[in-house]
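Asker: Below you'll find work31.txt; it's compact mmCIF, C-alpha atoms.
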# COMPACT_ATOMS: atom_id res chain seq x y z
CA MET A 641 -92.02 29.23 -43.19
CA LEU A 642 -90.63 30.65 -46.41
CA SER A 643 -87.20 31.23 -44.88
CA TYR A 644 -87.13 27.68 -43.57
CA SER A 645 -87.96 26.22 -46.98
CA ARG A 646 -85.22 28.30 -48.56
CA SER A 647 -82.63 27.25 -45.99
CA TYR A 648 -83.52 23.56 -46.12
CA PRO A 649 -81.64 22.81 -49.39
CA PHE A 650 -78.53 24.44 -47.94
CA LYS A 651 -78.80 22.35 -44.76
CA ALA A 652 -79.32 19.21 -46.80
CA ALA A 653 -76.31 20.06 -48.97
CA SER A 654 -74.22 20.72 -45.88
CA GLN A 655 -75.20 17.38 -44.35
CA PHE A 656 -74.42 15.58 -47.60
CA ALA A 657 -71.00 17.22 -47.77
CA TYR A 658 -70.39 16.22 -44.14
CA LEU A 659 -71.21 12.59 -44.88
CA ALA A 660 -69.29 12.56 -48.15
CA ALA A 661 -66.12 13.61 -46.30
CA ASN A 662 -66.47 10.75 -43.81
CA LYS A 663 -64.03 8.06 -44.90
CA ARG A 664 -65.50 5.63 -42.37
CA LEU A 665 -68.59 5.32 -44.56
CA ILE A 666 -66.51 3.55 -47.20
CA LEU A 667 -66.62 0.32 -45.18
CA PRO A 668 -70.42 -0.03 -44.83
CA LEU A 669 -70.87 0.95 -48.46
CA LEU A 670 -68.43 -1.76 -49.56
CA LEU A 671 -70.18 -4.31 -47.35
CA ILE A 672 -73.56 -3.45 -48.85
CA ALA A 673 -72.02 -3.75 -52.31
CA THR A 674 -70.86 -7.31 -51.53
CA LEU A 675 -74.40 -8.21 -50.53
CA LEU A 676 -75.79 -6.79 -53.77
CA TYR A 677 -73.26 -8.63 -55.96
CA ALA A 678 -74.78 -12.09 -56.44
CA PRO A 679 -71.56 -14.16 -57.00
CA ILE A 680 -70.21 -13.32 -53.54
CA ARG A 681 -73.48 -12.68 -51.67
CA ASP A 682 -73.46 -16.02 -49.85
CA ILE A 683 -69.85 -15.58 -48.76
CA ALA A 684 -70.56 -12.05 -47.54
CA LEU A 685 -73.69 -13.10 -45.62
CA GLY A 686 -71.90 -15.97 -43.88
CA THR A 687 -68.86 -13.86 -43.06
CA LEU A 688 -70.89 -10.98 -41.64
CA ALA A 689 -73.01 -13.34 -39.55
CA ASP A 690 -69.91 -15.13 -38.24
CA ALA A 691 -68.23 -11.83 -37.35
CA PHE A 692 -71.29 -10.73 -35.40
CA PHE A 693 -72.20 -13.93 -33.57
CA GLN A 694 -68.67 -15.22 -33.06
CA VAL A 695 -67.05 -11.91 -32.13
CA SER A 696 -69.29 -8.87 -31.59
CA VAL A 697 -71.71 -10.54 -29.18
CA PHE A 698 -68.92 -12.00 -27.04
CA VAL A 699 -67.04 -8.68 -27.08
CA ALA A 700 -70.18 -6.88 -25.85
CA GLY A 701 -70.56 -9.43 -23.05
CA THR A 702 -66.89 -9.15 -22.08
CA LEU A 703 -67.09 -5.35 -22.06
CA ALA A 704 -70.19 -5.43 -19.84
CA ILE A 705 -68.39 -7.60 -17.27
CA TYR A 706 -65.22 -5.51 -17.46
CA TYR A 707 -66.92 -2.13 -17.01
CA TYR A 708 -69.06 -3.53 -14.19
CA PHE A 709 -65.95 -4.48 -12.22
CA VAL A 710 -64.26 -1.16 -13.03
CA GLU A 711 -67.24 0.65 -11.51
CA LYS A 712 -67.22 -1.61 -8.44
CA LEU A 713 -63.43 -1.34 -8.04
CA PRO A 714 -62.59 2.32 -8.72
CA GLN A 715 -58.99 1.73 -7.65
CA LEU A 716 -58.49 0.18 -11.11
CA GLU A 717 -58.75 3.72 -12.45
CA LEU A 718 -56.21 5.37 -10.11
CA SER A 719 -54.89 8.32 -12.05
CA TYR A 720 -51.32 7.73 -10.91
CA LEU A 721 -49.03 7.21 -8.90
CA ASN A 722 -46.88 6.40 -5.94
CA LYS A 723 -43.41 7.88 -6.11
CA LYS A 724 -41.90 5.89 -3.26
CA SER A 725 -39.96 3.63 -5.61
CA PRO A 726 -39.01 3.82 -9.31
CA ALA A 727 -39.56 0.06 -9.57
CA LEU A 728 -43.05 0.38 -8.05
CA GLU A 729 -43.86 3.26 -10.38
CA VAL A 730 -42.80 1.32 -13.47
CA THR A 731 -44.66 -1.81 -12.35
CA MET A 732 -47.86 0.15 -11.74
CA ALA A 733 -47.50 1.78 -15.15
CA ALA A 734 -47.17 -1.65 -16.77
CA VAL A 735 -50.27 -2.90 -14.91
CA LEU A 736 -52.28 0.13 -16.01
CA GLY A 737 -51.11 -0.38 -19.58
CA ALA A 738 -52.01 -4.07 -19.55
CA LEU A 739 -55.63 -3.37 -18.62
CA PRO A 740 -57.87 -3.92 -21.68
CA GLY A 741 -58.48 -0.72 -23.61
CA CYS A 742 -56.29 2.37 -23.76
CA GLY A 743 -57.51 4.26 -20.69
CA GLY A 744 -54.64 3.24 -18.40
CA ALA A 745 -52.00 4.09 -20.97
CA ILE A 746 -53.54 7.50 -21.68
CA ILE A 747 -53.54 8.27 -17.93
CA VAL A 748 -49.81 7.56 -17.64
CA VAL A 749 -48.93 9.57 -20.76
CA THR A 750 -50.92 12.54 -19.47
CA GLN A 751 -49.31 12.35 -16.03
CA PHE A 752 -45.86 12.24 -17.65
CA THR A 753 -46.46 15.58 -19.36
CA LYS A 754 -47.54 17.05 -15.99
CA GLY A 755 -44.33 15.95 -14.28
CA GLN A 756 -46.02 13.25 -12.19
CA ALA A 757 -44.55 10.21 -13.95
CA SER A 758 -41.19 9.29 -15.41
CA PHE A 759 -40.14 8.59 -18.99
CA ALA A 760 -39.53 4.97 -17.94
CA SER A 761 -43.20 4.68 -16.97
CA VAL A 762 -44.18 5.85 -20.47
CA VAL A 763 -42.04 3.12 -22.02
CA ALA A 764 -43.49 0.57 -19.58
CA VAL A 765 -47.11 1.50 -20.24
CA LEU A 766 -46.78 1.66 -24.04
CA THR A 767 -44.96 -1.68 -24.07
CA ALA A 768 -47.57 -3.35 -21.85
CA THR A 769 -50.71 -2.06 -23.58
CA MET A 770 -52.60 -4.05 -26.19
CA GLY A 771 -55.48 -1.58 -26.48
CA ASP A 772 -58.96 -2.60 -27.55
CA ALA A 773 -57.61 -5.72 -29.24
CA ALA A 774 -57.36 -7.20 -25.73
CA PHE A 775 -61.16 -7.20 -25.45
CA LEU A 776 -61.41 -9.18 -28.68
CA LEU A 777 -58.80 -11.71 -27.57
CA LEU A 778 -60.33 -12.15 -24.11
CA ALA A 779 -63.77 -12.66 -25.63
CA LYS A 780 -62.68 -15.33 -28.11
CA LYS A 781 -59.60 -16.90 -26.52
CA PRO A 782 -59.57 -15.99 -22.82
CA LEU A 783 -56.54 -18.13 -21.90
CA GLU A 784 -54.42 -16.56 -24.63
CA GLY A 785 -55.82 -13.16 -23.62
CA MET A 786 -54.72 -13.58 -20.00
CA ALA A 787 -51.33 -14.86 -21.17
CA ILE A 788 -50.81 -11.76 -23.30
CA ILE A 789 -51.84 -9.47 -20.42
CA LEU A 790 -49.38 -11.13 -18.04
CA LEU A 791 -46.71 -11.05 -20.74
CA GLY A 792 -47.37 -7.33 -21.23
CA ILE A 793 -46.96 -6.62 -17.52
CA ALA A 794 -43.70 -8.58 -17.34
CA VAL A 795 -42.14 -7.15 -20.51
CA GLY A 796 -43.40 -3.63 -19.77
CA THR A 797 -41.90 -3.71 -16.26
CA ILE A 798 -38.55 -5.04 -17.48
CA SER A 799 -38.43 -2.47 -20.30
CA GLY A 800 -39.24 0.39 -17.94
CA LEU A 801 -36.61 -0.68 -15.41
CA ALA A 802 -34.02 -0.96 -18.20
CA VAL A 803 -34.86 2.54 -19.45
CA ASN A 804 -34.47 3.86 -15.89
CA LEU A 805 -30.81 2.85 -16.04
CA PHE A 806 -30.15 5.12 -19.03
CA HIS A 807 -32.59 8.02 -18.78
CA LYS A 808 -33.62 10.37 -16.01
CA ALA A 809 -37.26 10.62 -14.98
CA ASP A 810 -37.78 13.90 -16.86
CA TYR A 811 -36.09 12.74 -20.05
CA CYS A 812 -37.95 14.05 -23.14
CA ARG A 813 -40.56 15.75 -20.96
CA PRO A 814 -41.93 18.80 -22.81
CA LYS A 815 -41.69 22.21 -21.20
CA ALA A 816 -44.81 23.48 -19.50
CA ASN A 817 -47.05 25.27 -21.99
CA ASP A 818 -50.66 25.59 -23.00
CA LYS A 819 -50.53 22.79 -25.52
CA GLN A 820 -53.62 20.61 -25.29
CA VAL A 821 -54.52 17.21 -26.64
CA GLU A 822 -56.64 17.37 -29.76
CA ASP A 823 -59.73 15.46 -28.71
CA CYS A 824 -61.61 13.19 -31.02
CA ASP A 825 -65.00 14.43 -32.06
CA PRO A 826 -67.65 13.43 -29.52
CA PRO A 827 -70.07 10.77 -30.71
CA THR A 828 -73.16 11.91 -32.55
CA PHE A 829 -76.69 10.79 -31.84
CA ALA A 830 -75.78 7.51 -33.58
CA VAL A 831 -74.62 5.71 -30.43
CA ARG A 832 -77.72 6.75 -28.48
CA MET A 833 -79.87 5.74 -31.43
CA SER A 834 -78.40 2.24 -31.35
CA GLU A 835 -79.20 1.63 -27.67
CA PRO A 836 -82.87 0.54 -28.11
CA VAL A 837 -81.87 -1.91 -30.85
CA TRP A 838 -79.19 -3.54 -28.71
CA LYS A 839 -81.50 -3.73 -25.70
CA ILE A 840 -83.89 -5.83 -27.78
CA VAL A 841 -81.41 -8.13 -29.55
CA LEU A 842 -78.47 -8.53 -27.14
CA PHE A 843 -79.73 -11.34 -24.90
CA PRO A 844 -81.33 -13.35 -27.73
CA CYS A 845 -78.10 -12.97 -29.70
CA ILE A 846 -76.02 -14.12 -26.73
CA ALA A 847 -78.21 -17.23 -26.57
CA ILE A 848 -77.74 -17.84 -30.30
CA SER A 849 -73.99 -17.31 -30.02
CA LEU A 850 -73.76 -19.88 -27.23
CA VAL A 851 -75.74 -22.39 -29.27
CA MET A 852 -73.39 -21.83 -32.21
CA ALA A 853 -70.33 -22.04 -29.95
CA PHE A 854 -71.37 -25.51 -28.83
CA ASN A 855 -71.96 -26.57 -32.47
CA MET A 856 -75.65 -27.27 -31.88
CA ASP A 857 -77.92 -27.61 -34.90
CA LEU A 858 -79.97 -24.51 -35.65
CA GLY A 859 -82.30 -26.43 -37.96
CA GLN A 860 -84.84 -24.37 -39.87
CA PHE A 861 -83.71 -21.20 -38.09
CA GLU A 862 -80.25 -21.24 -39.67
CA GLN A 863 -81.06 -18.91 -42.56
CA PRO A 864 -83.07 -16.35 -40.52
CA ILE A 865 -80.29 -16.30 -37.92
CA GLU A 866 -77.68 -15.74 -40.62
CA LEU A 867 -79.71 -12.79 -41.96
CA LEU A 868 -80.06 -11.40 -38.43
CA GLY A 869 -76.32 -11.65 -37.83
CA ALA A 870 -75.42 -10.06 -41.15
CA GLY A 871 -77.95 -7.28 -40.57
CA MET A 872 -76.63 -6.54 -37.08
CA ALA A 873 -73.05 -6.54 -38.35
CA ILE A 874 -73.97 -3.95 -41.00
CA PHE A 875 -75.91 -1.98 -38.38
CA ALA A 876 -72.93 -1.90 -36.00
CA VAL A 877 -70.56 -0.80 -38.77
CA VAL A 878 -72.93 1.97 -39.90
CA ILE A 879 -73.23 3.29 -36.31
CA TRP A 880 -69.43 3.20 -36.03
CA ALA A 881 -69.13 5.15 -39.29
CA LEU A 882 -71.61 7.81 -38.14
CA SER A 883 -69.97 8.24 -34.74
CA SER A 884 -67.09 10.32 -36.07
CA LYS A 885 -66.29 12.79 -38.82
CA GLY A 886 -63.88 10.17 -40.15
CA LYS A 887 -61.66 12.66 -41.96
CA THR A 888 -58.24 12.03 -40.45
CA TYR A 889 -56.26 8.87 -39.77
CA LYS A 890 -56.82 9.40 -36.05
CA GLN A 891 -60.59 9.73 -36.45
CA ILE A 892 -60.67 6.50 -38.46
CA THR A 893 -58.44 4.29 -36.32
CA ALA A 894 -59.11 5.59 -32.79
CA GLU A 895 -62.17 4.94 -30.67
CA GLU A 896 -64.53 7.81 -29.91
CA GLU A 897 -64.67 9.86 -26.72
CA GLU A 898 -67.22 8.90 -24.12
CA VAL A 899 -70.72 10.26 -24.60
CA LYS A 900 -72.01 13.00 -22.33
CA PRO A 901 -73.48 12.30 -19.86
CA PRO A 902 -71.46 9.11 -19.34
CA SER A 903 -73.32 5.84 -19.73
CA ARG A 904 -72.01 2.32 -19.22
CA LEU A 905 -74.24 0.97 -22.01
CA ALA A 906 -73.14 3.69 -24.43
CA LYS A 907 -69.48 2.97 -23.69
CA ILE A 908 -70.02 -0.77 -24.21
CA LEU A 909 -71.73 -0.09 -27.54
CA GLN A 910 -69.05 2.38 -28.67
CA ASP A 911 -66.32 -0.18 -28.11
CA THR A 912 -68.41 -3.00 -29.59
CA HIS A 913 -69.11 -1.03 -32.77
CA PHE A 914 -65.44 -0.07 -33.06
CA VAL A 915 -64.20 -3.65 -32.67
CA THR A 916 -66.94 -4.97 -34.97
CA ALA A 917 -65.99 -2.61 -37.79
CA TRP A 918 -62.36 -3.70 -37.83
CA VAL A 919 -63.16 -7.37 -37.30
CA VAL A 920 -65.69 -7.35 -40.15
CA ALA A 921 -63.12 -5.69 -42.43
CA SER A 922 -60.54 -8.33 -41.49
CA PHE A 923 -62.94 -11.26 -41.90
CA MET A 924 -64.18 -10.02 -45.27
CA ILE A 925 -60.69 -9.38 -46.64
CA TYR A 926 -59.60 -12.86 -45.62
CA GLU A 927 -62.66 -14.74 -46.91
CA LEU A 928 -62.85 -12.85 -50.22
CA SER A 929 -59.11 -13.17 -50.83
CA VAL A 930 -59.46 -16.94 -50.50
CA ALA A 931 -62.68 -17.23 -52.52
CA LEU A 932 -61.90 -14.82 -55.35
CA PHE A 933 -58.12 -14.90 -55.68
CA GLY A 934 -57.19 -18.22 -54.14
CA LEU A 935 -54.88 -16.34 -51.79
CA ASP A 936 -54.54 -18.51 -48.70
CA LEU A 937 -53.05 -16.19 -46.11
CA ALA A 938 -52.80 -19.00 -43.56
CA ALA A 939 -50.69 -21.05 -45.97
CA TRP A 940 -48.56 -17.99 -46.82
CA PHE A 941 -47.81 -17.22 -43.19
CA THR A 942 -47.14 -20.92 -42.54
CA GLU A 943 -44.62 -21.05 -45.39
CA TYR A 944 -43.04 -17.70 -44.48
CA ALA A 945 -43.69 -17.87 -40.74
CA ILE A 946 -40.34 -16.30 -39.96
CA TYR A 947 -41.60 -12.96 -41.31
CA ALA A 948 -44.89 -13.01 -39.35
CA PRO A 949 -43.54 -11.46 -36.09
CA LEU A 950 -41.71 -8.75 -38.04
CA ILE A 951 -44.85 -7.85 -40.02
CA ALA A 952 -46.89 -7.81 -36.80
CA ILE A 953 -44.36 -5.47 -35.17
CA MET A 954 -44.47 -3.07 -38.13
CA ILE A 955 -48.27 -2.95 -37.84
CA GLY A 956 -47.91 -2.49 -34.09
CA LEU A 957 -45.90 0.69 -34.60
CA LEU A 958 -48.95 2.29 -36.24
CA PRO A 959 -50.95 4.45 -33.78
CA GLY A 960 -54.57 3.54 -33.07
CA CYS A 961 -56.31 0.30 -32.10
CA GLY A 962 -57.87 -0.46 -35.49
CA PRO A 963 -54.83 -2.00 -37.21
CA GLN A 964 -54.06 -4.02 -34.09
CA ILE A 965 -57.57 -5.49 -34.05
CA VAL A 966 -56.92 -6.73 -37.59
CA VAL A 967 -53.82 -8.61 -36.37
CA THR A 968 -55.77 -10.16 -33.49
CA SER A 969 -58.60 -11.13 -35.86
CA LEU A 970 -56.13 -12.90 -38.15
CA TYR A 971 -54.76 -14.80 -35.16
CA ILE A 972 -58.27 -15.87 -34.12
CA GLN A 973 -58.91 -17.06 -37.68
CA GLY A 974 -55.78 -19.20 -37.51
CA VAL A 975 -53.88 -17.10 -40.05
CA LEU A 976 -51.14 -15.70 -37.78
CA PRO A 977 -49.10 -17.69 -35.24
CA PHE A 978 -49.02 -16.81 -31.53
CA SER A 979 -45.49 -15.44 -31.94
CA ALA A 980 -46.84 -12.73 -34.26
CA LEU A 981 -49.71 -11.91 -31.89
CA ALA A 982 -47.32 -11.57 -28.94
CA ALA A 983 -44.92 -9.40 -30.96
CA ASN A 984 -47.75 -7.11 -32.03
CA ALA A 985 -49.12 -6.88 -28.47
CA VAL A 986 -45.74 -5.72 -27.16
CA ALA A 987 -45.04 -3.32 -30.04
CA ASN A 988 -48.46 -1.67 -30.32
CA ASP A 989 -49.39 1.42 -28.30
CA GLY A 990 -53.07 1.67 -29.23
CA ASP A 991 -54.87 4.99 -28.99
CA ALA A 992 -52.49 6.17 -26.26
CA LEU A 993 -49.96 7.12 -28.92
CA PHE A 994 -52.20 9.95 -30.20
CA PRO A 995 -52.12 12.09 -27.03
CA ALA A 996 -48.48 11.12 -26.54
CA ILE A 997 -47.57 12.50 -29.98
CA ALA A 998 -49.67 15.62 -29.38
CA LEU A 999 -48.23 16.42 -25.94
CA ALA A 1000 -44.72 14.97 -26.03
CA PRO A 1001 -43.81 13.93 -29.60
CA LYS A 1002 -40.13 13.20 -28.91
CA ALA A 1003 -40.95 10.99 -25.92
CA ALA A 1004 -43.73 9.25 -27.85
CA LEU A 1005 -41.58 8.36 -30.84
CA LEU A 1006 -38.62 7.24 -28.72
CA ALA A 1007 -40.84 5.15 -26.41
CA THR A 1008 -42.45 3.53 -29.45
CA ALA A 1009 -39.03 2.70 -30.89
CA TYR A 1010 -37.98 1.25 -27.53
CA SER A 1011 -41.09 -0.95 -27.41
CA ALA A 1012 -40.10 -2.51 -30.74
CA ILE A 1013 -36.91 -3.95 -29.21
CA PRO A 1014 -38.58 -6.25 -26.65
CA ALA A 1015 -41.21 -7.04 -29.29
CA LEU A 1016 -38.49 -8.52 -31.49
CA PHE A 1017 -37.13 -10.58 -28.60
CA VAL A 1018 -40.59 -11.79 -27.56
CA GLY A 1019 -41.84 -12.54 -31.09
CA TYR A 1020 -38.78 -14.40 -32.29
CA GLY A 1021 -38.15 -15.96 -28.90
CA ILE A 1022 -41.56 -17.63 -29.05
CA TYR A 1023 -41.08 -18.45 -32.73
CA TYR A 1024 -37.78 -20.30 -32.18
CA TRP A 1025 -39.04 -21.89 -28.95
CA ASN A 1026 -41.88 -23.46 -30.96
CA LEU A 1027 -39.33 -24.90 -33.39
CA LEU A 1028 -37.57 -26.81 -30.63
Please express the file's structure as structure tokens.
Answerer:
Amino acid sequence: MLSYSRSYPFKAASQFAYLAANKRLILPLLLIATLLYAPIRDIALGTLADAFFQVSVFVAGTLAIYYYFVEKLPQLELSYLNKKSPALEVTMAAVLGALPGCGGAIIVVTQFTKGQASFASVVAVLTATMGDAAFLLLAKKPLEGMAIILLGIAVGTISGLAVNLFHKADYCRPKANDKQVEDCDPPTFAVRMSEPVWKIVLFPCIAISLVMAFNMDLGQFEQPIELLGAGMAIFAVVIWALSSKGKTYKQITAEEEEVKPPSRLAKILQDTHFVTAWVVASFMIYELSVALFGLDLAAWFTEYAIYAPLIAIMIGLLPGCGPQIVVTSLYIQGVLPFSALAANAVANDGDALFPAIALAPKAALLATAYSAIPALFVGYGIYYWNLL
């Protein structure tokens, strides 16, 4: 008993140091600070509630449907590939990349390093993928989401076929060695801890979200519902923050590895927390910039719309899904035009760029640079088409 009491302060200090090093915790702390600061409390409450009911709940529902069909149709997760035709290979790579999330793109990148896929397929899959931002877009604007997915398949296939004309299948493939992908830290108990809470609130929150979506009057329940939404948004962001060490850029911007043993609910919640954190950050930045500084981003991008696709492409070149979710959030808020969203979707590589850089850095960087070329054509093609 004595030894335990002596060791307890050291364990507590170690846990504090662990948390203090987690940069993800900055976001929930800032959100709590906005709620404590009276002049912006009402704005923060409304923004958090809107982010939860208008985005998080619909993302969770979309994820549930998506993962259900993936389980029922395991052929959607075919590791890869059919070598009968280079065109078929590239097309399949583009389809895998266009699937919401980064799983399909990571499969193709891994198979490339093993000699089972071509460099053209890497370009096709990275061009086609939109990452986790696709879940957000499908949940809020399903027609635009399907349009972006189909656009990704088309542009990814064309890009891959073009690359096949200039590069051999094994171009930039690393030599066989023992190099392994640096995995993200597995989720802590935080995700499992959140499951009972979500089981209680999910269906009532879906009902509330539908009522709000149809602009029905909430009456006397408006304030309690706003508090519930803000509280759940904070809860989701805190769970996201605790699900990783949050020390490196990769740990901050990439989603976590699947819990062990695998669980559909846990995976849904992981992705929901991840999307929620970045959406909340985007919503808060936008609302506070308007309220406190009079900075109307929508007006700025309207006045300088010609730069919007270029800015979106530059953000798309960043690895990880987090920055791309910010772009999609701004589009949903009416800040960015569709041309910028399309340019970002083509340029961004999501989380798939992390294993690509780790296993085949030259191929990853070149494929990313190649994906920026069709992104420019798509973004500015749509931009000038809209001017006609």
Asker: Using atom CA of Ile874 of chain A and atom CA of Val975 of chain A as the two end points, give the distance in Å to one decimal.
Answerer: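 Atom CA of Val975 of chain A lies 24.0 Å from atom CA of Ile874 of chain A.
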Asker: Which one is closest to Gly741 of chain A: A:Leu999, A:Ala773, A:Leu790, A:Leu958? Count all atoms listed in the file.
Answerer: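 For Gly741 of chain A, the nearest of the given residues is A:Ala773.
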Asker: What does the structure give for the distance between atom CA of Met954 of chain A and atom CA of Pro995 of chain A, in Å to one decimal?
Answerer: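 Going from atom CA of Met954 of chain A over to atom CA of Pro995 of chain A, I get 20.3 Å.
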Asker: Might you pull out every residue within 12 Å of Glu862 of chain A, with all atoms listed in the file counted and same-chain residues fewer than 3 positions away left off, and present them as an NGL selection string?
Answerer: :A and (686 or 689 or 848 or 851-852 or 856-859 or 865-869)
Asker: For Leu850 of chain A, which residue out of A:Val986, A:Ile747, A:Leu1006, A:Val697 is the nearest one, using only C-alpha atoms?
Answerer: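 Among A:Val986, A:Ile747, A:Leu1006, A:Val697, it is A:Val697 that comes nearest to Leu850 of chain A.
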Asker: Could you give me, as a PyMOL selection string, the residues that have an atom at most 8 Å away from the point (-56.7, -3.8, -39.9) in the coordinates of the file, using all atoms listed in the file?
Answerer: chain A and resi 918-919+921-922+962-967
Asker: Could the residues in this selection be saved with C-alpha atoms as a tab-separated table (two decimals), keeping the file's coordinate frame?
Answerer:
chain	number	residue	atom	x	y	z
A	918	TRP	CA	-62.36	-3.70	-37.83
A	919	VAL	CA	-63.16	-7.37	-37.30
A	921	ALA	CA	-63.12	-5.69	-42.43
A	922	SER	CA	-60.54	-8.33	-41.49
A	962	GLY	CA	-57.87	-0.46	-35.49
A	963	PRO	CA	-54.83	-2.00	-37.21
A	964	GLN	CA	-54.06	-4.02	-34.09
A	965	ILE	CA	-57.57	-5.49	-34.05
A	966	VAL	CA	-56.92	-6.73	-37.59
A	967	VAL	CA	-53.82	-8.61	-36.37
Asker: Using all atoms listed in the file for the distances, tell me which of A:Ala774, A:Ala830, A:Ile683, A:Leu675 is nearest to Met786 of chain A.
Answerer: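 Among the listed residues, A:Ala774 lies closest to Met786 of chain A.
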Asker: How many Å lie between atom CA of Val899 of chain A and atom CA of Thr912 of chain A, rounded to one decimal?
Answerer: 14.4 Å
Asker: Return as JSON lines the residues of segment 789-882 of chain A lying at most 7 Å from segment 661-673 of chain A, together with the closest atom-to-atom pair for each and the distance in Å to one decimal, counting only C-alpha atoms, with rows in chain order and ascending residue number.
Answerer:
{"residue": "A:Ile874", "atom": "CA", "partner": "A:Pro668", "partner_atom": "CA", "distance": 6.5}
{"residue": "A:Val877", "atom": "CA", "partner": "A:Pro668", "partner_atom": "CA", "distance": 6.1}
{"residue": "A:Val878", "atom": "CA", "partner": "A:Pro668", "partner_atom": "CA", "distance": 5.9}
{"residue": "A:Ala881", "atom": "CA", "partner": "A:Arg664", "partner_atom": "CA", "distance": 4.8}
Asker: Find the spatial neighbours of segment 904-906 of chain A, counting all atoms listed in the file, within a cut-off of 12 Å - ignore same-chain residues fewer than 4 positions away - and output them as number ranges by chain.
Answerer: A: 700-701, 703-711, 827-836, 838-839, 842, 879, 883, 896-900, 910-913
Asker: For the selection you just gave me, I'd like the residues written to a file as a CSV table (one decimal), in the coordinates of the input, keeping C-alpha atoms.
Answerer:
chain,number,residue,atom,x,y,z
A,700,ALA,CA,-70.2,-6.9,-25.8
A,701,GLY,CA,-70.6,-9.4,-23.0
A,703,LEU,CA,-67.1,-5.4,-22.1
A,704,ALA,CA,-70.2,-5.4,-19.8
A,705,ILE,CA,-68.4,-7.6,-17.3
A,706,TYR,CA,-65.2,-5.5,-17.5
A,707,TYR,CA,-66.9,-2.1,-17.0
A,708,TYR,CA,-69.1,-3.5,-14.2
A,709,PHE,CA,-66.0,-4.5,-12.2
A,710,VAL,CA,-64.3,-1.2,-13.0
A,711,GLU,CA,-67.2,0.6,-11.5
A,827,PRO,CA,-70.1,10.8,-30.7
A,828,THR,CA,-73.2,11.9,-32.6
A,829,PHE,CA,-76.7,10.8,-31.8
A,830,ALA,CA,-75.8,7.5,-33.6
A,831,VAL,CA,-74.6,5.7,-30.4
A,832,ARG,CA,-77.7,6.8,-28.5
A,833,MET,CA,-79.9,5.7,-31.4
A,834,SER,CA,-78.4,2.2,-31.4
A,835,GLU,CA,-79.2,1.6,-27.7
A,836,PRO,CA,-82.9,0.5,-28.1
A,838,TRP,CA,-79.2,-3.5,-28.7
A,839,LYS,CA,-81.5,-3.7,-25.7
A,842,LEU,CA,-78.5,-8.5,-27.1
A,879,ILE,CA,-73.2,3.3,-36.3
A,883,SER,CA,-70.0,8.2,-34.7
A,896,GLU,CA,-64.5,7.8,-29.9
A,897,GLU,CA,-64.7,9.9,-26.7
A,898,GLU,CA,-67.2,8.9,-24.1
A,899,VAL,CA,-70.7,10.3,-24.6
A,900,LYS,CA,-72.0,13.0,-22.3
A,910,GLN,CA,-69.0,2.4,-28.7
A,911,ASP,CA,-66.3,-0.2,-28.1
A,912,THR,CA,-68.4,-3.0,-29.6
A,913,HIS,CA,-69.1,-1.0,-32.8
Asker: Please write as a PyMOL selection string the list of polymer residues whose atoms come within 9 Å of (-45.6, 16.6, -17.3), counting all atoms listed in the file and keeping to the coordinates of the file.
Answerer: chain A and resi 749-758+810+813-816+1000
Asker: Measuring between all atoms listed in the file, which one of A:Phe923, A:Tyr971, A:Tyr811, A:Phe693 shows the shortest distance to Ala985 of chain A?
Answerer: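 Checking each of A:Phe923, A:Tyr971, A:Tyr811, A:Phe693 against Ala985 of chain A, counting all atoms listed in the file, the winner is A:Tyr971.
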